[in-house]
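Chemist: The structure is given below, and queries will be raised subsequently.
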Protein chains: 2
Amino acid sequence: MLVEGRHFRRDWSSAEDVGRRAAAANLADIAAMGACCTSVVVAFAGPADLPTAWALEVMAGISRECAEVGAAVVGGDVSSADQVIIAITALGDLQGRTPVTRSGAHPGEVLALAGRVGWAEAGLTVLRQGIAESDALAAVVQAHRVPTPPYAAGPAAALAGATSMIDVSDGLVGDAGHLARMSGVTLTLRRSALTPLAEAVELVEAGRVCGVDPLEWILAGGDDHALLATFPAGVELPPDFHPIGRVDVRGAAGVTIDGQVPSVHAHEHFRP
Amino acid sequence: MLVEGRHFRRDWSSAEDVGRRAAAANLADIAAMGACCTSVVVAFAGPADLPTAWALEVMAGISRECAEVGAAVVGGDVSSADQVIIAITALGDLQGRTPVTRSGAHPGEVLALAGRVGWAEAGLTVLRQGIAESDALAAVVQAHRVPTPPYAAGPAAALAGATSMIDVSDGLVGDAGHLARMSGVTLTLRRSALTPLAEAVELVEAGRVCGVDPLEWILAGGDDHALLATFPAGVELPPDFHPIGRVDVRGAAGVTIDGQVPSVHAHEHFRP
């Protein structure tokens, strides 16, 4: 469910971008269980003075993002509300595979990541600070407007034997925490694997102009919809995944960076 | 999708009632295709100062209504928004039957209705006019708060050979119009079948205190989620259905009452 003013602003994103983003968040959830999305239904509400063209462009954006994975909009509902609200339900097909849940991680396994983290949050920070969109910042702002989840990596992870998986929408540490709690394990992130992610030139430049350490975006930034999964040790990881940590002792559910508890917080829905 | 201030008011309905009503509207859509609902997913948004207990009671109401048909809440999403928003997607099982759509009505068939129409609108009118809820008005007000769609009549209609079906949520004339347009036929309502519906003592009393002809509620009132269906001539109607008209000439898509075009309007989402 995307809520105007909370998840997007009409002056920061085009209608098509909002639609693509709303679809992407749902398609990524399907991929994170190892499935392929087949169809979505869309409930759309907006104020009476919303231009019809804007609403139609949202729907076009949803359809275009769905087409990326071969899915289609098959139904929905329309209503009026003070804010634009887009609630999507995605349906998927496991194609015979066992669903990958959040609760199957075991000590000794490898923690691996497919896709980008921190970019969308960097872009949102640029927009929030009112910084002019230079060419050097275009990529992170675009990452906020239209995330590019690694859809195919979800089914690939399932086929490779992933034991747990989640899409990173609340931040790497926050979503790793969801896996840790549901699996009853500790997930240990390797700082040496995360630091290079923060050294992408686009993030370094955004960090410089915003006055933010890019590593904060890597650890706490949501909305890129990367896929975070655990694999048995020795498994050949699917092409999109690279190892960023390991699964440790059962019973102490939580997340550490090289054994230290990180001081970042997951996304909170009701934080102002 | 139910929107606070548009579809319900927190001072007019309990949280559980709002939840039941939100579920009922979706369960009725499944029944109207001849299917049985198996599960629903719920997207819920509300303001930060919404009492947690209120939100939990909504969810309890949704679960209770779902239990009426053997369905369950299996997932969803939560967010913040200025108004309370409840968007439900229902999934159903046709149990091998062919889905009944809106487009299969043929000239010569019988138009039949299962369930009440006009009661919810009467109750809403009582609440809007600020009329004290007397015992005589309790039934219509309750009909607004918690509709009681004839869920089992949907699959029964499919089994009996219904050729088209819709749940009445926009008003009898409005939803008959949807069937007529999708099927390319004229639906002729018999006034002699509708008048008795307006003579229920509860509607007569509500009409008296509100200054409304109850027949207006019968023709234009939505939200009771009755089922309106067409059946081949000579078919024995399922127990909940009674005939209220017939399907006439193909090509002149529309609705008449004994041949005259009625002067009522369907529900409009963006009407103030």
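Note on naming: chains are A, B, ... as they come in the structure tokens, residues start from 1 per chain, ligands start from 1 in the order shown.
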I need the chain A residues near chain B as a PyMOL selection string; criterion: at most 12 Å, counting only C-alpha atoms.
Modeler: chain A and resi 1-7+25-26+29+40-50+52+75-91+267-272
Chemist: Hey, what does DSSP flag as alpha helix (DSSP H) within range 116-265 of chain A? Can you give it to me as a VMD selection string?
Modeler: chain A and resid 119 to 128 135 to 145 153 to 159 172 to 183 191 to 194 201 to 210 214 to 220
Chemist: With C-alpha atoms retained, could you export that selection as a PDB file, in the first residue's frame?
Modeler:
ATOM      1  CA  TRP A 119      20.402   3.901  -3.385  1.00  0.00           C
ATOM      2  CA  ALA A 120      16.686   4.697  -3.046  1.00  0.00           C
ATOM      3  CA  GLU A 121      17.266   6.165   0.424  1.00  0.00           C
ATOM      4  CA  ALA A 122      20.129   8.282  -0.911  1.00  0.00           C
ATOM      5  CA  GLY A 123      17.810   9.597  -3.631  1.00  0.00           C
ATOM      6  CA  LEU A 124      15.065  10.315  -1.131  1.00  0.00           C
ATOM      7  CA  THR A 125      17.558  12.222   1.037  1.00  0.00           C
ATOM      8  CA  VAL A 126      18.575  14.340  -1.964  1.00  0.00           C
ATOM      9  CA  LEU A 127      14.915  15.183  -2.646  1.00  0.00           C
ATOM     10  CA  ARG A 128      14.152  15.854   1.022  1.00  0.00           C
ATOM     11  CA  ASP A 135      23.748  14.487 -13.426  1.00  0.00           C
ATOM     12  CA  ALA A 136      25.870  12.966 -10.676  1.00  0.00           C
ATOM     13  CA  LEU A 137      22.793  12.554  -8.456  1.00  0.00           C
ATOM     14  CA  ALA A 138      20.364  11.399 -11.159  1.00  0.00           C
ATOM     15  CA  ALA A 139      20.999   7.692 -10.574  1.00  0.00           C
ATOM     16  CA  VAL A 140      20.149   7.721  -6.847  1.00  0.00           C
ATOM     17  CA  VAL A 141      17.089   9.936  -7.356  1.00  0.00           C
ATOM     18  CA  GLN A 142      15.912   7.576 -10.096  1.00  0.00           C
ATOM     19  CA  ALA A 143      16.509   4.640  -7.703  1.00  0.00           C
ATOM     20  CA  HIS A 144      14.022   6.262  -5.316  1.00  0.00           C
ATOM     21  CA  ARG A 145      11.504   6.932  -8.081  1.00  0.00           C
ATOM     22  CA  ALA A 153      17.125 -13.744  -8.630  1.00  0.00           C
ATOM     23  CA  GLY A 154      14.220 -14.896  -6.431  1.00  0.00           C
ATOM     24  CA  PRO A 155      13.298 -18.061  -8.333  1.00  0.00           C
ATOM     25  CA  ALA A 156      17.029 -18.597  -9.037  1.00  0.00           C
ATOM     26  CA  ALA A 157      17.723 -18.514  -5.285  1.00  0.00           C
ATOM     27  CA  ALA A 158      14.931 -21.011  -4.648  1.00  0.00           C
ATOM     28  CA  LEU A 159      16.348 -23.363  -7.286  1.00  0.00           C
ATOM     29  CA  LEU A 172      19.431  -4.190   5.338  1.00  0.00           C
ATOM     30  CA  VAL A 173      19.811  -4.422   9.119  1.00  0.00           C
ATOM     31  CA  GLY A 174      16.055  -4.228   9.683  1.00  0.00           C
ATOM     32  CA  ASP A 175      15.176  -6.925   7.178  1.00  0.00           C
ATOM     33  CA  ALA A 176      18.110  -9.104   8.249  1.00  0.00           C
ATOM     34  CA  GLY A 177      16.547  -8.766  11.700  1.00  0.00           C
ATOM     35  CA  HIS A 178      13.254 -10.124  10.351  1.00  0.00           C
ATOM     36  CA  LEU A 179      15.054 -13.184   8.958  1.00  0.00           C
ATOM     37  CA  ALA A 180      17.005 -13.619  12.217  1.00  0.00           C
ATOM     38  CA  ARG A 181      13.927 -13.451  14.427  1.00  0.00           C
ATOM     39  CA  MET A 182      11.784 -15.706  12.235  1.00  0.00           C
ATOM     40  CA  SER A 183      14.605 -18.261  11.919  1.00  0.00           C
ATOM     41  CA  ARG A 191      31.838  -5.060   7.397  1.00  0.00           C
ATOM     42  CA  SER A 192      34.442  -5.865   4.748  1.00  0.00           C
ATOM     43  CA  ALA A 193      31.601  -6.919   2.409  1.00  0.00           C
ATOM     44  CA  LEU A 194      29.453  -3.865   3.116  1.00  0.00           C
ATOM     45  CA  VAL A 201      30.706   6.754  -6.842  1.00  0.00           C
ATOM     46  CA  GLU A 202      27.012   7.698  -6.985  1.00  0.00           C
ATOM     47  CA  LEU A 203      26.581   7.065  -3.246  1.00  0.00           C
ATOM     48  CA  VAL A 204      29.823   8.806  -2.339  1.00  0.00           C
ATOM     49  CA  GLU A 205      28.743  11.914  -4.272  1.00  0.00           C
ATOM     50  CA  ALA A 206      25.237  11.858  -2.760  1.00  0.00           C
ATOM     51  CA  GLY A 207      26.758  11.371   0.689  1.00  0.00           C
ATOM     52  CA  ARG A 208      29.071  14.323   0.125  1.00  0.00           C
ATOM     53  CA  VAL A 209      26.329  16.776  -0.883  1.00  0.00           C
ATOM     54  CA  CYS A 210      23.862  15.507   1.733  1.00  0.00           C
ATOM     55  CA  PRO A 214      26.852   6.321   2.605  1.00  0.00           C
ATOM     56  CA  LEU A 215      27.345   3.302   4.892  1.00  0.00           C
ATOM     57  CA  GLU A 216      24.281   4.531   6.828  1.00  0.00           C
ATOM     58  CA  TRP A 217      22.216   4.272   3.648  1.00  0.00           C
ATOM     59  CA  ILE A 218      23.633   0.777   3.025  1.00  0.00           C
ATOM     60  CA  LEU A 219      22.653  -0.396   6.517  1.00  0.00           C
ATOM     61  CA  ALA A 220      19.326   1.390   7.041  1.00  0.00           C
TER      62      ALA A 220
END
Chemist: For range 228-239 of chain A, find every residue with an atom within 8 Å (counting only C-alpha atoms), except residues of its own chain fewer than 4 positions away, and show them as a VMD selection string.
Modeler: chain A and resid 105 108 to 114 153 156 to 157 160 to 168 176 246 to 247
Chemist: Write the selection just made, keeping C-alpha atoms, as a PDB file, in the first residue's frame?
Modeler:
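Output file out18.pdb follows:
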ATOM      1  CA  ALA A 105      17.986 -20.086   8.052  1.00  0.00           C
ATOM      2  CA  GLY A 108      26.694 -22.255   9.301  1.00  0.00           C
ATOM      3  CA  GLU A 109      24.876 -20.995   6.213  1.00  0.00           C
ATOM      4  CA  VAL A 110      25.939 -18.128   3.956  1.00  0.00           C
ATOM      5  CA  LEU A 111      24.064 -14.799   3.940  1.00  0.00           C
ATOM      6  CA  ALA A 112      23.962 -13.299   0.442  1.00  0.00           C
ATOM      7  CA  LEU A 113      22.538 -10.233  -1.267  1.00  0.00           C
ATOM      8  CA  ALA A 114      21.235  -9.637  -4.799  1.00  0.00           C
ATOM      9  CA  ALA A 153      17.125 -13.744  -8.630  1.00  0.00           C
ATOM     10  CA  ALA A 156      17.029 -18.597  -9.037  1.00  0.00           C
ATOM     11  CA  ALA A 157      17.723 -18.514  -5.285  1.00  0.00           C
ATOM     12  CA  ALA A 160      19.833 -23.008  -5.748  1.00  0.00           C
ATOM     13  CA  GLY A 161      18.481 -24.125  -2.373  1.00  0.00           C
ATOM     14  CA  ALA A 162      17.959 -20.830  -0.509  1.00  0.00           C
ATOM     15  CA  THR A 163      16.768 -21.640   3.018  1.00  0.00           C
ATOM     16  CA  SER A 164      15.284 -18.205   3.805  1.00  0.00           C
ATOM     17  CA  MET A 165      14.751 -14.990   1.844  1.00  0.00           C
ATOM     18  CA  ILE A 166      13.303 -11.489   2.201  1.00  0.00           C
ATOM     19  CA  ASP A 167      13.200  -8.389   0.047  1.00  0.00           C
ATOM     20  CA  VAL A 168      14.993  -5.424   1.595  1.00  0.00           C
ATOM     21  CA  ALA A 176      18.110  -9.104   8.249  1.00  0.00           C
ATOM     22  CA  ARG A 246      26.901 -15.800   7.676  1.00  0.00           C
ATOM     23  CA  VAL A 247      24.275 -17.421   9.880  1.00  0.00           C
TER      24      VAL A 247
END
Chemist: Do a neighbour search on range 93-97 of chain B at 9 Å with only C-alpha atoms, toss out local chain neighbours closer than 4 positions, and write the hits as an mmCIF file with N, CA, C and O atoms, in the first residue's frame.
Modeler:
data_model
loop_
_atom_site.group_PDB
_atom_site.id
_atom_site.type_symbol
_atom_site.label_atom_id
_atom_site.label_comp_id
_atom_site.auth_asym_id
_atom_site.auth_seq_id
_atom_site.Cartn_x
_atom_site.Cartn_y
_atom_site.Cartn_z
ATOM 1 N N ILE B 30 -16.996 -12.418 -4.469
ATOM 2 C CA ILE B 30 -16.626 -13.809 -4.774
ATOM 3 C C ILE B 30 -17.896 -14.640 -5.008
ATOM 4 O O ILE B 30 -17.990 -15.398 -5.979
ATOM 5 N N MET B 33 -19.661 -14.479 -8.386
ATOM 6 C CA MET B 33 -19.130 -15.215 -9.533
ATOM 7 C C MET B 33 -19.394 -16.716 -9.382
ATOM 8 O O MET B 33 -18.941 -17.518 -10.197
ATOM 9 N N GLY B 34 -20.111 -17.065 -8.314
ATOM 10 C CA GLY B 34 -20.426 -18.470 -8.108
ATOM 11 C C GLY B 34 -19.356 -19.225 -7.346
ATOM 12 O O GLY B 34 -19.367 -20.460 -7.309
ATOM 13 N N ALA B 35 -18.450 -18.492 -6.707
ATOM 14 C CA ALA B 35 -17.326 -19.131 -6.012
ATOM 15 C C ALA B 35 -17.476 -19.041 -4.495
ATOM 16 O O ALA B 35 -18.340 -18.340 -3.979
ATOM 17 N N CYS B 36 -16.629 -19.779 -3.791
ATOM 18 C CA CYS B 36 -16.556 -19.716 -2.335
ATOM 19 C C CYS B 36 -15.235 -19.066 -1.959
ATOM 20 O O CYS B 36 -14.185 -19.443 -2.476
ATOM 21 N N CYS B 37 -15.282 -18.095 -1.056
ATOM 22 C CA CYS B 37 -14.057 -17.410 -0.653
ATOM 23 C C CYS B 37 -13.209 -18.332 0.222
ATOM 24 O O CYS B 37 -13.727 -18.989 1.135
ATOM 25 N N THR B 38 -11.922 -18.374 -0.049
ATOM 26 C CA THR B 38 -11.008 -19.190 0.757
ATOM 27 C C THR B 38 -10.132 -18.339 1.666
ATOM 28 O O THR B 38 -9.799 -18.751 2.768
ATOM 29 N N PRO B 155 -22.888 -19.617 -5.142
ATOM 30 C CA PRO B 155 -22.617 -20.944 -5.703
ATOM 31 C C PRO B 155 -23.902 -21.692 -6.084
ATOM 32 O O PRO B 155 -23.926 -22.400 -7.104
ATOM 33 N N ALA B 158 -24.920 -20.530 -9.446
ATOM 34 C CA ALA B 158 -24.053 -21.105 -10.485
ATOM 35 C C ALA B 158 -24.482 -22.533 -10.792
ATOM 36 O O ALA B 158 -24.580 -22.928 -11.957
ATOM 37 N N LEU B 159 -24.749 -23.309 -9.757
ATOM 38 C CA LEU B 159 -25.155 -24.694 -9.941
ATOM 39 C C LEU B 159 -26.500 -24.796 -10.661
ATOM 40 O O LEU B 159 -26.741 -25.734 -11.417
#
Chemist: Quick one: DSSP strand (DSSP E or B) residues in range 91-230 of chain B, as a PyMOL selection string?
Modeler: chain B and resi 91-93+110-114+164-168+185-189+226-230
Chemist: Using only C-alpha atoms, please write the residues we just selected to a file, as a compact mmCIF listing (two decimals), in the first residue's frame.
Modeler:
# COMPACT_ATOMS: atom_id res chain seq x y z
CA LEU B 91 -9.46 -15.12 -3.19
CA GLY B 92 -12.06 -17.77 -4.01
CA ASP B 93 -12.45 -21.29 -5.25
CA VAL B 110 -35.54 -14.57 -15.87
CA LEU B 111 -34.00 -11.81 -13.72
CA ALA B 112 -33.95 -12.81 -10.04
CA LEU B 113 -32.77 -11.34 -6.74
CA ALA B 114 -31.43 -12.95 -3.55
CA SER B 164 -24.95 -13.71 -15.39
CA MET B 165 -24.66 -12.38 -11.84
CA ILE B 166 -23.58 -9.28 -9.88
CA ASP B 167 -23.72 -8.20 -6.25
CA VAL B 168 -25.84 -5.11 -5.69
CA VAL B 185 -29.43 -6.74 -23.39
CA THR B 186 -32.27 -4.79 -21.85
CA LEU B 187 -33.28 -5.82 -18.34
CA THR B 188 -36.93 -5.16 -17.53
CA LEU B 189 -37.76 -4.87 -13.83
CA ALA B 226 -27.80 -8.74 -2.56
CA LEU B 227 -27.17 -10.98 -5.57
CA LEU B 228 -28.84 -10.16 -8.89
CA ALA B 229 -28.72 -12.94 -11.48
CA THR B 230 -30.26 -14.14 -14.71
Chemist: Would you work out the distance separating CA of Ala22 in chain B from CA of Val146 in chain B, expressed in Å to one decimal?
Modeler: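 It comes out at 8.9 Å.
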Chemist: Nearest to Glu199 in chain A: which of A:Arg20, A:Gly118, A:Ser134, A:Leu27 is it, counting only C-alpha atoms?
Modeler: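 Residue with the minimum atom-to-atom distance to Glu199 in chain A: A:Gly118.
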